[in-house]
Amino acid sequence: MVEAIKTVEVFKNYINGEWKDSISGQITNSINPANKNEIVGQVQSSTIEEVDDAIQAATEAKVNWRKLGQYNRGQLLYKVANELEKNLNDIAETLTKEMGKTLPEAIGETQRGIAILRYYAAEGMRKDGDVIPSSDQDALMFTKRTPLGVVGIITPWNFPVAIPIWKIAPALVYGNTVVFKPATESAVTAAKVVQCFEQAGLPKGVLNFITGKGSVVGDALINSTKLNGITFTGSEYTGKLVAKAASANGVKYQLEMGGKNPVIVLNDADPKSAVDGILSGAFKSTGQKCTATSRVIVQEGIYEEIKNLLLKEVGKITVGNGIDTEIWMGPCASENQLNTVLEYIKIGQEEGANLIFGGKRITDNEYANGFYVEPAIFEDVTSSMRIAQEEIFGPVIALIKVSSVEEAIDVANDTDFGLSASLYTSNISSALAFIDDIEAGLVRVNAESAGVELQAPFGGMKSSSTGTREQGEAAKEFYTQTKTVLIKNK
Ligand SMILES: NC(=O)C1=CN([C@@H]2O[C@H](COP(=O)(O)OP(=O)(O)OC[C@H]3O[C@@H](n4cnc5c(N)ncnc54)[C@H](OP(=O)(O)O)[C@@H]3O)[C@@H](O)[C@H]2O)C=CC1
Ligand SMILES: CCCCCC(=O)O
């Protein structure tokens, strides 16, 4: 019997309130990393001219959007949240099929997107300034926040719902208009999220969505002189391109980049809690989180116990198609990412680390067409090795043995990154020393390195971030500028 050919949906750009094909006439397939023969959808391969159209639309919309007022902008975000909630299962399933994370994780991420929208909707009712006593008794002095104007948003493939929303929602509620370019690897999911904004009734030009190569569409966006802000999450390499371009054009920019996140386990830690946190932080989402654990720094007195428990528990991890309910870890998000992971596993062995678990590509039977790799654990790792210094962005951890708390914190800080860091201990003095001395923006005690909460500031130090924080109230600092106003009545 001839199998019915499944029609592949083509997703368009959304510019000035209209869904449009690219003038290039070119489209790109988005494939399922669990089965590269499955096309999840097709998106536009747009041109630099369309970037200008999108920026023009956002520019024309920005005054009325600002004048709509924070409260009314917030009310619209409640409607977007409701639309996303209506489409939760479809978007979560698309997320899993497009970048590989398991369905429960994709559902959790989409629910997080809904919560973020409602958080910033409520921001619409919160104060946006302070009254400050003037030295002039006839004067009234206060601060008032005002939007930047048009903000470019470029996002990665690893959180294709949560990261776009934790940028778009604050950008909009604080009065900016947006041009949004998602990662190509997860552009279908992004299109479905944008559909929720459209269905909520956003005025035309407020949110514009354009897909296409980062090196073409992304490059045109970051080099535009007509933007007032650009926020980016992705690799350090691309982040530096954003910084250079934005600085040259006097555009305010915000970068969230990589991490090489340590978990320190001290002699007095609870072994099971530590190992549970390491496995979840390192291997959930196939290690493809900027907050994922990649270095496990263990005090010598508990080292063997932690290593043996890790080996026992990692052996229980089921790897497979994230859509299947009994699968704990899905494939890498792309063939490129799989090859990067395999390359670093090879590098680790060549530089003298000892691969004590996994690390092989899985290709038999139903795995043949997917980008699957076993979780990998190295020991005998020194801090100077590449697998201890460079971001792999995959399910690979390096065990490093230390003798003291001080040495553990020194090793943890021995990295160009500074995003997230965890410590497992039952000693409050060690915890307080760690909190003070660790060079990281996200500091966690007896908790895994991933799993940040939407209401708290998110961001890192050193090469991980540019210093501003995303999420929670902190987002206001990037998406607004402050006016100090003084009024006299005569
Ligand atoms: N900190 C984090 O959350 C993340 C970090 N990473 C790191 O980045 C590495 C590569 O992942 P990848 O997604 O390729 O990261 P990239 O930095 O290449 O891509 C991130 C975003 O930037 C866009 N982009 C790419 N090149 C340019 C450019 N020249 N100008 C403007 N935008 C551009 C991409 O578009 P397009 O997809 O079309 O190329 C994508 O939307 C990973 O291995 C990991 O180390 C990746 C994802 C998230
Ligand atoms: C860019 C990565 C975001 C990580 C969110 C988390 O750890 O839950």
# chains A, B, ... in the order shown; residues from 1 in each chain; ligands from 1
>>> closest_atom_pairs(of="chain A", to="ligand 1", cutoff="7 Å", atoms="only C-alpha atoms and all ligand atoms", output="JSON lines")
{"residue": "A:Ile154", "atom": "CA", "partner": "ligand 1", "partner_atom_place_in_ligand_line": "41 (O)", "distance": 5.1}
{"residue": "A:Thr155", "atom": "CA", "partner": "ligand 1", "partner_atom_place_in_ligand_line": "41 (O)", "distance": 4.6}
{"residue": "A:Pro156", "atom": "CA", "partner": "ligand 1", "partner_atom_place_in_ligand_line": "20 (C)", "distance": 4.3}
{"residue": "A:Trp157", "atom": "CA", "partner": "ligand 1", "partner_atom_place_in_ligand_line": "13 (O)", "distance": 5.5}
{"residue": "A:Asn158", "atom": "CA", "partner": "ligand 1", "partner_atom_place_in_ligand_line": "48 (C)", "distance": 5.5}
{"residue": "A:Lys181", "atom": "CA", "partner": "ligand 1", "partner_atom_place_in_ligand_line": "41 (O)", "distance": 6.2}
{"residue": "A:Pro182", "atom": "CA", "partner": "ligand 1", "partner_atom_place_in_ligand_line": "41 (O)", "distance": 4.7}
{"residue": "A:Ala183", "atom": "CA", "partner": "ligand 1", "partner_atom_place_in_ligand_line": "41 (O)", "distance": 3.3}
{"residue": "A:Thr184", "atom": "CA", "partner": "ligand 1", "partner_atom_place_in_ligand_line": "37 (O)", "distance": 4.1}
{"residue": "A:Glu185", "atom": "CA", "partner": "ligand 1", "partner_atom_place_in_ligand_line": "37 (O)", "distance": 5.8}
{"residue": "A:Gly212", "atom": "CA", "partner": "ligand 1", "partner_atom_place_in_ligand_line": "38 (O)", "distance": 5.6}
{"residue": "A:Lys213", "atom": "CA", "partner": "ligand 1", "partner_atom_place_in_ligand_line": "38 (O)", "distance": 3.8}
{"residue": "A:Gly214", "atom": "CA", "partner": "ligand 1", "partner_atom_place_in_ligand_line": "35 (O)", "distance": 3.4}
{"residue": "A:Ser215", "atom": "CA", "partner": "ligand 1", "partner_atom_place_in_ligand_line": "29 (N)", "distance": 4.1}
{"residue": "A:Gly218", "atom": "CA", "partner": "ligand 1", "partner_atom_place_in_ligand_line": "31 (C)", "distance": 3.5}
{"residue": "A:Asp219", "atom": "CA", "partner": "ligand 1", "partner_atom_place_in_ligand_line": "30 (N)", "distance": 3.7}
{"residue": "A:Leu221", "atom": "CA", "partner": "ligand 1", "partner_atom_place_in_ligand_line": "31 (C)", "distance": 6.9}
{"residue": "A:Ile222", "atom": "CA", "partner": "ligand 1", "partner_atom_place_in_ligand_line": "31 (C)", "distance": 6.0}
{"residue": "A:Thr233", "atom": "CA", "partner": "ligand 1", "partner_atom_place_in_ligand_line": "3 (O)", "distance": 5.4}
{"residue": "A:Gly234", "atom": "CA", "partner": "ligand 1", "partner_atom_place_in_ligand_line": "4 (C)", "distance": 3.8}
{"residue": "A:Ser235", "atom": "CA", "partner": "ligand 1", "partner_atom_place_in_ligand_line": "8 (O)", "distance": 3.2}
{"residue": "A:Glu236", "atom": "CA", "partner": "ligand 1", "partner_atom_place_in_ligand_line": "8 (O)", "distance": 6.7}
{"residue": "A:Tyr237", "atom": "CA", "partner": "ligand 1", "partner_atom_place_in_ligand_line": "17 (O)", "distance": 6.5}
{"residue": "A:Thr238", "atom": "CA", "partner": "ligand 1", "partner_atom_place_in_ligand_line": "17 (O)", "distance": 4.6}
{"residue": "A:Gly239", "atom": "CA", "partner": "ligand 1", "partner_atom_place_in_ligand_line": "17 (O)", "distance": 6.6}
{"residue": "A:Leu241", "atom": "CA", "partner": "ligand 1", "partner_atom_place_in_ligand_line": "29 (N)", "distance": 6.5}
{"residue": "A:Val242", "atom": "CA", "partner": "ligand 1", "partner_atom_place_in_ligand_line": "31 (C)", "distance": 6.5}
{"residue": "A:Glu256", "atom": "CA", "partner": "ligand 1", "partner_atom_place_in_ligand_line": "1 (N)", "distance": 5.6}
{"residue": "A:Met257", "atom": "CA", "partner": "ligand 1", "partner_atom_place_in_ligand_line": "1 (N)", "distance": 3.7}
{"residue": "A:Gly258", "atom": "CA", "partner": "ligand 1", "partner_atom_place_in_ligand_line": "1 (N)", "distance": 4.2}
{"residue": "A:Gly259", "atom": "CA", "partner": "ligand 1", "partner_atom_place_in_ligand_line": "1 (N)", "distance": 6.9}
{"residue": "A:Lys289", "atom": "CA", "partner": "ligand 1", "partner_atom_place_in_ligand_line": "3 (O)", "distance": 5.9}
{"residue": "A:Cys290", "atom": "CA", "partner": "ligand 1", "partner_atom_place_in_ligand_line": "1 (N)", "distance": 4.4}
{"residue": "A:Gln337", "atom": "CA", "partner": "ligand 1", "partner_atom_place_in_ligand_line": "43 (O)", "distance": 6.2}
{"residue": "A:Glu391", "atom": "CA", "partner": "ligand 1", "partner_atom_place_in_ligand_line": "45 (O)", "distance": 5.5}
{"residue": "A:Ile392", "atom": "CA", "partner": "ligand 1", "partner_atom_place_in_ligand_line": "45 (O)", "distance": 6.0}
{"residue": "A:Phe393", "atom": "CA", "partner": "ligand 1", "partner_atom_place_in_ligand_line": "45 (O)", "distance": 5.1}
>>> residues_near_ligand(ligand="ligand 2", cutoff="7 Å", atoms="only C-alpha atoms and all ligand atoms", output="list in words")
Phe159, Ile163, Thr233, Lys289, Cys290, Thr291, Ala292, Ala450, Gly451 and Val452 of chain A
>>> residues_around(residues="region 18-22 of chain A", least_positions_apart="2", cutoff="12 Å", atoms="only C-alpha atoms", output="JSON, numbers by chain")
{"A": [10, 11, 12, 13, 14, 15, 16, 24, 25, 26, 27, 28, 42, 43, 44, 45, 46, 47, 48, 49, 50, 51, 53, 54, 57, 191, 194, 195, 198, 199, 202, 203, 204, 205, 206, 207, 208, 209, 210, 211, 212, 217]}
>>> residues_around(residues="region 135-150 of chain A", least_positions_apart="4", cutoff="10 Å", atoms="only C-alpha atoms", output="count of residues only")
49
>>> atom_distance(atom1="CA of Ile356 (chain A)", atom2="CA of Phe378 (chain A)")
5.6 Å
>>> select_by_dssp(residues="region 9-96 of chain A", states="alpha helix (DSSP H)", output="PyMOL selection string")
chain A and resi 48-68+70-86+88-96
>>> select_by_dssp(residues="region 218-456 of chain A", states="strand (DSSP E)", output="ChimeraX atom specification")
/A:229-233,252-256,261-265,293-299,354-357,361-362,372-373,376-379,396-402,417-418,420-424,442-445
>>> residues_around(residues="Pro33 (chain A)", least_positions_apart="4", cutoff="12 Å", atoms="only C-alpha atoms", output="PyMOL selection string")
chain A and resi 37-40+94-102+185-186+320-323+330-338+367-373
>>> write_last_selection(atoms="C-alpha atoms", output="PDB file, in the first residue's frame")
ATOM      1  CA  ASN A  37      14.718  11.562   7.404  1.00  0.00           C
ATOM      2  CA  GLU A  38      11.782  13.242   9.139  1.00  0.00           C
ATOM      3  CA  ILE A  39      11.161  16.856   8.132  1.00  0.00           C
ATOM      4  CA  VAL A  40       9.471  18.699  11.011  1.00  0.00           C
ATOM      5  CA  THR A  94       7.268  20.234  17.875  1.00  0.00           C
ATOM      6  CA  LEU A  95      10.063  21.281  20.251  1.00  0.00           C
ATOM      7  CA  THR A  96      10.981  17.654  20.936  1.00  0.00           C
ATOM      8  CA  LYS A  97      10.843  16.729  17.272  1.00  0.00           C
ATOM      9  CA  GLU A  98      12.906  19.743  16.223  1.00  0.00           C
ATOM     10  CA  MET A  99      15.764  19.762  18.762  1.00  0.00           C
ATOM     11  CA  GLY A 100      15.539  16.448  20.540  1.00  0.00           C
ATOM     12  CA  LYS A 101      14.898  17.162  24.210  1.00  0.00           C
ATOM     13  CA  THR A 102      12.479  14.716  25.838  1.00  0.00           C
ATOM     14  CA  GLU A 185      17.666  24.454  14.117  1.00  0.00           C
ATOM     15  CA  SER A 186      14.478  25.313  16.015  1.00  0.00           C
ATOM     16  CA  GLY A 320      16.519   7.403  22.552  1.00  0.00           C
ATOM     17  CA  ASN A 321      13.799   9.369  20.800  1.00  0.00           C
ATOM     18  CA  GLY A 322      12.649  12.055  23.213  1.00  0.00           C
ATOM     19  CA  ILE A 323       9.028  11.557  22.118  1.00  0.00           C
ATOM     20  CA  GLY A 330      17.320  12.401  23.707  1.00  0.00           C
ATOM     21  CA  PRO A 331      19.722  12.867  20.774  1.00  0.00           C
ATOM     22  CA  CYS A 332      22.065  15.783  20.237  1.00  0.00           C
ATOM     23  CA  ALA A 333      20.183  18.648  18.578  1.00  0.00           C
ATOM     24  CA  SER A 334      22.030  18.382  15.273  1.00  0.00           C
ATOM     25  CA  GLU A 335      24.673  16.391  13.403  1.00  0.00           C
ATOM     26  CA  ASN A 336      27.059  19.319  13.954  1.00  0.00           C
ATOM     27  CA  GLN A 337      26.517  19.171  17.696  1.00  0.00           C
ATOM     28  CA  LEU A 338      26.953  15.377  17.730  1.00  0.00           C
ATOM     29  CA  TYR A 367      19.281   4.836  16.282  1.00  0.00           C
ATOM     30  CA  ALA A 368      20.845   4.656  12.820  1.00  0.00           C
ATOM     31  CA  ASN A 369      19.237   7.845  11.498  1.00  0.00           C
ATOM     32  CA  GLY A 370      19.557   9.861  14.690  1.00  0.00           C
ATOM     33  CA  PHE A 371      22.312  11.888  16.383  1.00  0.00           C
ATOM     34  CA  TYR A 372      22.648   9.769  19.513  1.00  0.00           C
ATOM     35  CA  VAL A 373      25.616   9.537  21.875  1.00  0.00           C
TER      36      VAL A 373
END
>>> residues_around(residues="region 459-471 of chain A", least_positions_apart="3", cutoff="6 Å", atoms="only C-alpha atoms", output="VMD selection string")
chain A and resid 255 to 259 416 to 419 440 to 441 454 474 to 475
>>> write_last_selection(atoms="N, CA and C atoms", output="short mmCIF file (atom, residue, chain, number, x, y, z; two decimals), in the first residue's frame")
data_model
loop_
_atom_site.label_atom_id
_atom_site.label_comp_id
_atom_site.auth_asym_id
_atom_site.auth_seq_id
_atom_site.Cartn_x
_atom_site.Cartn_y
_atom_site.Cartn_z
N LEU A 255 24.55 40.06 26.01
CA LEU A 255 24.98 38.75 25.50
C LEU A 255 24.91 37.71 26.62
N GLU A 256 24.31 36.57 26.30
CA GLU A 256 24.35 35.41 27.18
C GLU A 256 25.04 34.31 26.39
N MET A 257 26.18 33.86 26.88
CA MET A 257 26.95 32.92 26.06
C MET A 257 27.19 31.60 26.80
N GLY A 258 28.44 31.11 26.77
CA GLY A 258 28.62 29.73 27.24
C GLY A 258 28.87 29.61 28.73
N GLY A 259 29.14 28.38 29.10
CA GLY A 259 29.47 28.09 30.49
C GLY A 259 30.36 26.85 30.53
N ASP A 416 37.45 30.55 31.90
CA ASP A 416 37.10 31.89 31.37
C ASP A 416 35.62 32.19 31.58
N PHE A 417 34.85 31.12 31.88
CA PHE A 417 33.41 31.31 32.03
C PHE A 417 33.06 31.57 33.49
N GLY A 418 31.83 31.96 33.72
CA GLY A 418 31.39 32.19 35.12
C GLY A 418 29.87 32.23 35.20
N LEU A 419 29.22 31.22 34.62
CA LEU A 419 27.75 31.27 34.60
C LEU A 419 27.14 30.68 35.86
N ALA A 440 30.81 33.24 39.77
CA ALA A 440 29.69 32.78 38.93
C ALA A 440 28.47 33.64 39.22
N GLY A 441 27.61 33.79 38.24
CA GLY A 441 26.41 34.61 38.42
C GLY A 441 25.28 33.84 39.07
N LEU A 454 12.42 31.71 36.88
CA LEU A 454 12.13 32.84 36.00
C LEU A 454 12.04 34.18 36.71
N ALA A 474 15.10 42.15 36.88
CA ALA A 474 16.41 42.58 36.35
C ALA A 474 16.33 42.92 34.87
N ALA A 475 15.42 42.29 34.15
CA ALA A 475 15.32 42.51 32.70
C ALA A 475 15.06 43.97 32.38
#
>>> closest_residue(among="A:Asn72, A:Thr425, A:Asn32, A:Asn249", to="Tyr120 (chain A)", atoms="only C-alpha atoms")
A:Asn72
>>> closest_residue(among="A:Thr286, A:Ser384, A:Ser224, A:Ser426", to="Ala412 (chain A)", atoms="only C-alpha atoms")
A:Ser384
>>> residues_around(residues="Asp437 (chain A)", least_positions_apart="5", cutoff="12 Å", atoms="only C-alpha atoms", output="list in words")
Val405, Glu406, Glu407, Ala408, Ile409, Asp410, Val411, Ala412, Asn413, Gly418, Ala421, Leu423, Ser430, Ala431, Leu432 and Val443 of chain A
>>> atom_distance(atom1="CA of Ala376 (chain A)", atom2="CA of Gly301 (chain A)")
23.3 Å
>>> closest_residue(among="A:Gly472, A:Leu442, A:Asn354, A:Ile132", to="Ala169 (chain A)", atoms="only C-alpha atoms")
A:Gly472
>>> closest_residue(among="A:Gln299, A:Ser134, A:Gln111, A:Thr415", to="Asn267 (chain A)", atoms="only C-alpha atoms")
A:Gln299
